[in-house]
Amino acid sequence: MAGLSREEVAKVARLARIALDDAELERFTDQLAQVLEHAADLEALDLAGVAPTAHPHGLANVLRDDEVRESLPRAEVLAQAPDVAEERFAVPRIIGEAP
Amino acid sequence: MNAIKVAGSVGSGATSAVEVVAESLERIAARNEELNVFVHLDPEGALAAAARVDERVAAGERLPLAGVPVALKDNLCVRGQPTTAGSRILAGWRPPYDATVVARLAVAGAVALGKANMDEFAMGSSTETSAYGPTRNPLDPTRVPGGSSGGSAAAVAAGMAPIALGSDTGGSIRQPAALCGLVGVKPTYGLVSRYGLIAFASSLDQIGPFAATVAEAALVLEVIAGHDPLDTTSLAEPAPELSTHLDDGVAGRRVGLCRELVEGADPEVVAAVARAAEALARAGATIEEVSIPELKLGLSAYYLIAPAEASSNLARYDGVRYGLRVEGPDVEAMNVATRTVGFGDEVKRRVMLGTYALSAGYYDAYYGQALKVRTRMIEAFARAYARVDTLLGATAPSVAFALGAKTQDPLAMYLSDVFTIPTNLAGEAALSVPFGTGEAGLPIGVQLLGPARSEAGLLAAARVLEAEEGR
């Protein structure tokens, strides 16, 4: 893999919802490139036909009976939210005002 | 303060849990400012909990950890108590529920003292990435305690608590245990419930104990292990019997001295591992040199898989439901401002690395390839365990290093985990036990590794090494 570019890091930061200033972009690009360079030993391997393992024991859905049970206390949960309105999580406006 | 002695003494009524906890609180008060071990303390709550333990004992309840003070890594949820995972983004958050391990410790009579410092979201090997400042090693305060569970290890090493819980994603229990001269166990994946553990890399994370001795670590693991319906990855089996097997010894055991688990370590560490092999041989084990070349691919695979999982797990910190919010004109600007202010550099690095490894065009080359390496590593371990019962190697390449020595060089810091990572990728069991000292009298940890569910055998072998050292 060719070296990591500043543009690629800027794009990844946007996807991850993280803002970087120029100095950070420079520094993170260098550091991430080093880690990816270390990972080059994996790229060189011929692993065609090897099945990937995403989880040590494999993952299966665990289902329980669909019955009403006590859940977390609503007031205690909402008390931890940055903003609450009408017993719901409140966020800044998502849709613009009508023109 | 030994947990088993404390539990015996409190259980018999010879001492009260309140007295024991008060002594712990005094030791914390004496050194916490210097060492920055606890990021949150609840002295009144701990004393009240101790009083309730004394009442339960008086009522005739038999409690395996009666009155035993415990330090909890700050990524374990305790209802109503601050839980930050070492991050600014969770400053002030108070979980509305207890982690399963926290609830099980309380049922067993243990008393939580507070929350121990850690690398932010467990991403680090020195406890220096914490938003709340680094923890210092109680054995030499100019050095790190290891990480990410450095606060938990330091709490036990400083005598503030006889036992602590940490979490191990790539070595975060075993490495600080080694650097602080303690026993640290990374249990088989699924043996201990992760419910209420703030997620870093869900297919690798596992909670486990710290203690000064093997017997104490075994007892704690017995209390916290066993099936939990609240964790879908929890093994459907009860906690294993460990304490009854501590003196099983290693007669007839085939131990593999693993080349890749010492290669590159400091000479004094390599020498300690060799001496451990000799001690096990004297106790009746047969020692065989083994080589598992696939282990050398672990570091690269881990630093793609763990960040990939982290980038997904940490997407939940968006300023909406809990934790920090930094306002912005619209939702996306609010998300960006919150995460930019709330996350430290190491977390940003890993989230970006993971996002990159999972992104279109790179997924197959990085994440996909790492998952295939994981398969190869599991197969390689299985071949090794067909020949030997236990693997022996180093836990960390060196004794505790100086504060600040590796903070500017992430890759050098990542190399601290080179011997511990393969076990997490395979979902198997391993532990670190102190064996000898190196530079400046600092402890060296040796690592014992086994297949899934091999904890009883690993603890028995660790007990042999501990006895060799006169503990």
# chains A, B, ... in the order shown; residues from 1 in each chain; ligands from 1

$ residues_around --residues "Gly3 (chain A)" --least-positions-apart "2" --cutoff "12 Å" --atoms "only C-alpha atoms" --output "list of chain:residue names"
A:Met1, A:Ser5, A:Arg6, A:Glu7, A:Glu8, A:Val9, A:Thr29, A:Asp30, A:Gln31, A:Leu32, A:Ala33, A:Gln34, A:Val35, A:Leu36, A:Glu37, A:His38, A:Ala40

$ interface_residues --of "chain A" --to "chain B" --cutoff "8 Å" --atoms "only C-alpha atoms" --output "ChimeraX atom specification"
/A:9,12-13,15-20,28,31-32,34-35,38-39,41-43,47,50-57,59,61-62,72-73,76-78,80-83,89-94

$ residues_around --residues "Leu442 (chain B)" --least-positions-apart "2" --cutoff "9 Å" --atoms "only C-alpha atoms" --output "VMD selection string"
chain B and resid 139 to 140 179 to 181 399 to 400 436 to 440 444

$ residues_around --residues "Val269 (chain B)" --least-positions-apart "3" --cutoff "9 Å" --atoms "only C-alpha atoms" --output "ChimeraX atom specification"
/B:262,265-266,272-274,394-399,436-438,444-446

$ closest_residue --among "B:Thr213, B:Leu182, B:Gly151, B:Pro422" --to "Gly470 (chain B)" --atoms "only C-alpha atoms"
B:Thr213

$ residues_around --residues "Leu76 (chain B)" --least-positions-apart "3" --cutoff "6 Å" --atoms "only C-alpha atoms" --output "MDAnalysis selection string"
chainID B and resid 73 196:197

$ select_by_dssp --residues "region 343-438 of chain B" --states "strand (DSSP E)" --output "PyMOL selection string"
chain B and resi 390-394+429-437

$ select_by_dssp --residues "region 17-72 of chain A" --states "alpha helix (DSSP H)" --output "PDB file with N, CA and C atoms, in the first residue's frame"
ATOM      1  N   ASP A  22      -4.386  21.799  11.125  1.00  0.00           N
ATOM      2  CA  ASP A  22      -3.317  21.415  10.201  1.00  0.00           C
ATOM      3  C   ASP A  22      -2.193  20.653  10.889  1.00  0.00           C
ATOM      4  N   ALA A  23      -1.817  21.126  12.090  1.00  0.00           N
ATOM      5  CA  ALA A  23      -0.714  20.469  12.801  1.00  0.00           C
ATOM      6  C   ALA A  23      -1.107  19.040  13.181  1.00  0.00           C
ATOM      7  N   GLU A  24      -2.346  18.871  13.625  1.00  0.00           N
ATOM      8  CA  GLU A  24      -2.815  17.521  13.989  1.00  0.00           C
ATOM      9  C   GLU A  24      -2.865  16.616  12.764  1.00  0.00           C
ATOM     10  N   LEU A  25      -3.329  17.173  11.665  1.00  0.00           N
ATOM     11  CA  LEU A  25      -3.424  16.392  10.429  1.00  0.00           C
ATOM     12  C   LEU A  25      -2.045  15.874  10.029  1.00  0.00           C
ATOM     13  N   GLU A  26      -1.068  16.741  10.131  1.00  0.00           N
ATOM     14  CA  GLU A  26       0.310  16.381   9.808  1.00  0.00           C
ATOM     15  C   GLU A  26       0.798  15.249  10.713  1.00  0.00           C
ATOM     16  N   ARG A  27       0.620  15.454  12.010  1.00  0.00           N
ATOM     17  CA  ARG A  27       1.122  14.504  12.999  1.00  0.00           C
ATOM     18  C   ARG A  27       0.412  13.151  12.884  1.00  0.00           C
ATOM     19  N   PHE A  28      -0.918  13.183  12.805  1.00  0.00           N
ATOM     20  CA  PHE A  28      -1.668  11.929  12.728  1.00  0.00           C
ATOM     21  C   PHE A  28      -1.355  11.185  11.423  1.00  0.00           C
ATOM     22  N   THR A  29      -1.150  11.919  10.331  1.00  0.00           N
ATOM     23  CA  THR A  29      -0.823  11.255   9.067  1.00  0.00           C
ATOM     24  C   THR A  29       0.480  10.470   9.215  1.00  0.00           C
ATOM     25  N   ASP A  30       1.496  11.093   9.809  1.00  0.00           N
ATOM     26  CA  ASP A  30       2.770  10.403  10.023  1.00  0.00           C
ATOM     27  C   ASP A  30       2.599   9.172  10.907  1.00  0.00           C
ATOM     28  N   GLN A  31       1.879   9.347  12.027  1.00  0.00           N
ATOM     29  CA  GLN A  31       1.749   8.249  12.991  1.00  0.00           C
ATOM     30  C   GLN A  31       0.931   7.097  12.412  1.00  0.00           C
ATOM     31  N   LEU A  32      -0.162   7.412  11.731  1.00  0.00           N
ATOM     32  CA  LEU A  32      -0.992   6.348  11.162  1.00  0.00           C
ATOM     33  C   LEU A  32      -0.243   5.646  10.035  1.00  0.00           C
ATOM     34  N   ALA A  33       0.540   6.398   9.275  1.00  0.00           N
ATOM     35  CA  ALA A  33       1.321   5.779   8.196  1.00  0.00           C
ATOM     36  C   ALA A  33       2.303   4.765   8.766  1.00  0.00           C
ATOM     37  N   GLN A  34       2.902   5.096   9.920  1.00  0.00           N
ATOM     38  CA  GLN A  34       3.836   4.155  10.556  1.00  0.00           C
ATOM     39  C   GLN A  34       3.157   2.849  10.943  1.00  0.00           C
ATOM     40  N   VAL A  35       1.956   2.976  11.519  1.00  0.00           N
ATOM     41  CA  VAL A  35       1.236   1.766  11.941  1.00  0.00           C
ATOM     42  C   VAL A  35       0.859   0.937  10.715  1.00  0.00           C
ATOM     43  N   LEU A  36       0.407   1.604   9.660  1.00  0.00           N
ATOM     44  CA  LEU A  36       0.020   0.873   8.452  1.00  0.00           C
ATOM     45  C   LEU A  36       1.242   0.228   7.781  1.00  0.00           C
ATOM     46  N   GLU A  37       2.374   0.897   7.897  1.00  0.00           N
ATOM     47  CA  GLU A  37       3.602   0.331   7.349  1.00  0.00           C
ATOM     48  C   GLU A  37       3.936  -0.977   8.080  1.00  0.00           C
ATOM     49  N   HIS A  38       3.753  -0.944   9.422  1.00  0.00           N
ATOM     50  CA  HIS A  38       3.986  -2.155  10.199  1.00  0.00           C
ATOM     51  C   HIS A  38       3.035  -3.263   9.754  1.00  0.00           C
ATOM     52  N   ALA A  40       2.099  -3.867   6.889  1.00  0.00           N
ATOM     53  CA  ALA A  40       2.398  -4.327   5.535  1.00  0.00           C
ATOM     54  C   ALA A  40       2.775  -5.802   5.516  1.00  0.00           C
ATOM     55  N   ASP A  41       3.246  -6.331   6.684  1.00  0.00           N
ATOM     56  CA  ASP A  41       3.585  -7.762   6.719  1.00  0.00           C
ATOM     57  C   ASP A  41       2.355  -8.635   6.484  1.00  0.00           C
ATOM     58  N   LEU A  42       1.174  -8.108   6.792  1.00  0.00           N
ATOM     59  CA  LEU A  42      -0.045  -8.881   6.545  1.00  0.00           C
ATOM     60  C   LEU A  42      -0.411  -8.893   5.061  1.00  0.00           C
ATOM     61  N   GLU A  43      -0.244  -7.717   4.439  1.00  0.00           N
ATOM     62  CA  GLU A  43      -0.614  -7.610   3.025  1.00  0.00           C
ATOM     63  C   GLU A  43       0.143  -8.598   2.172  1.00  0.00           C
TER      64      GLU A  43
END

$ residues_around --residues "Ala48 (chain B)" --least-positions-apart "5" --cutoff "12 Å" --atoms "only C-alpha atoms" --output "PyMOL selection string"
chain B and resi 17-19+21-22+42-43+53-55+67+111-113
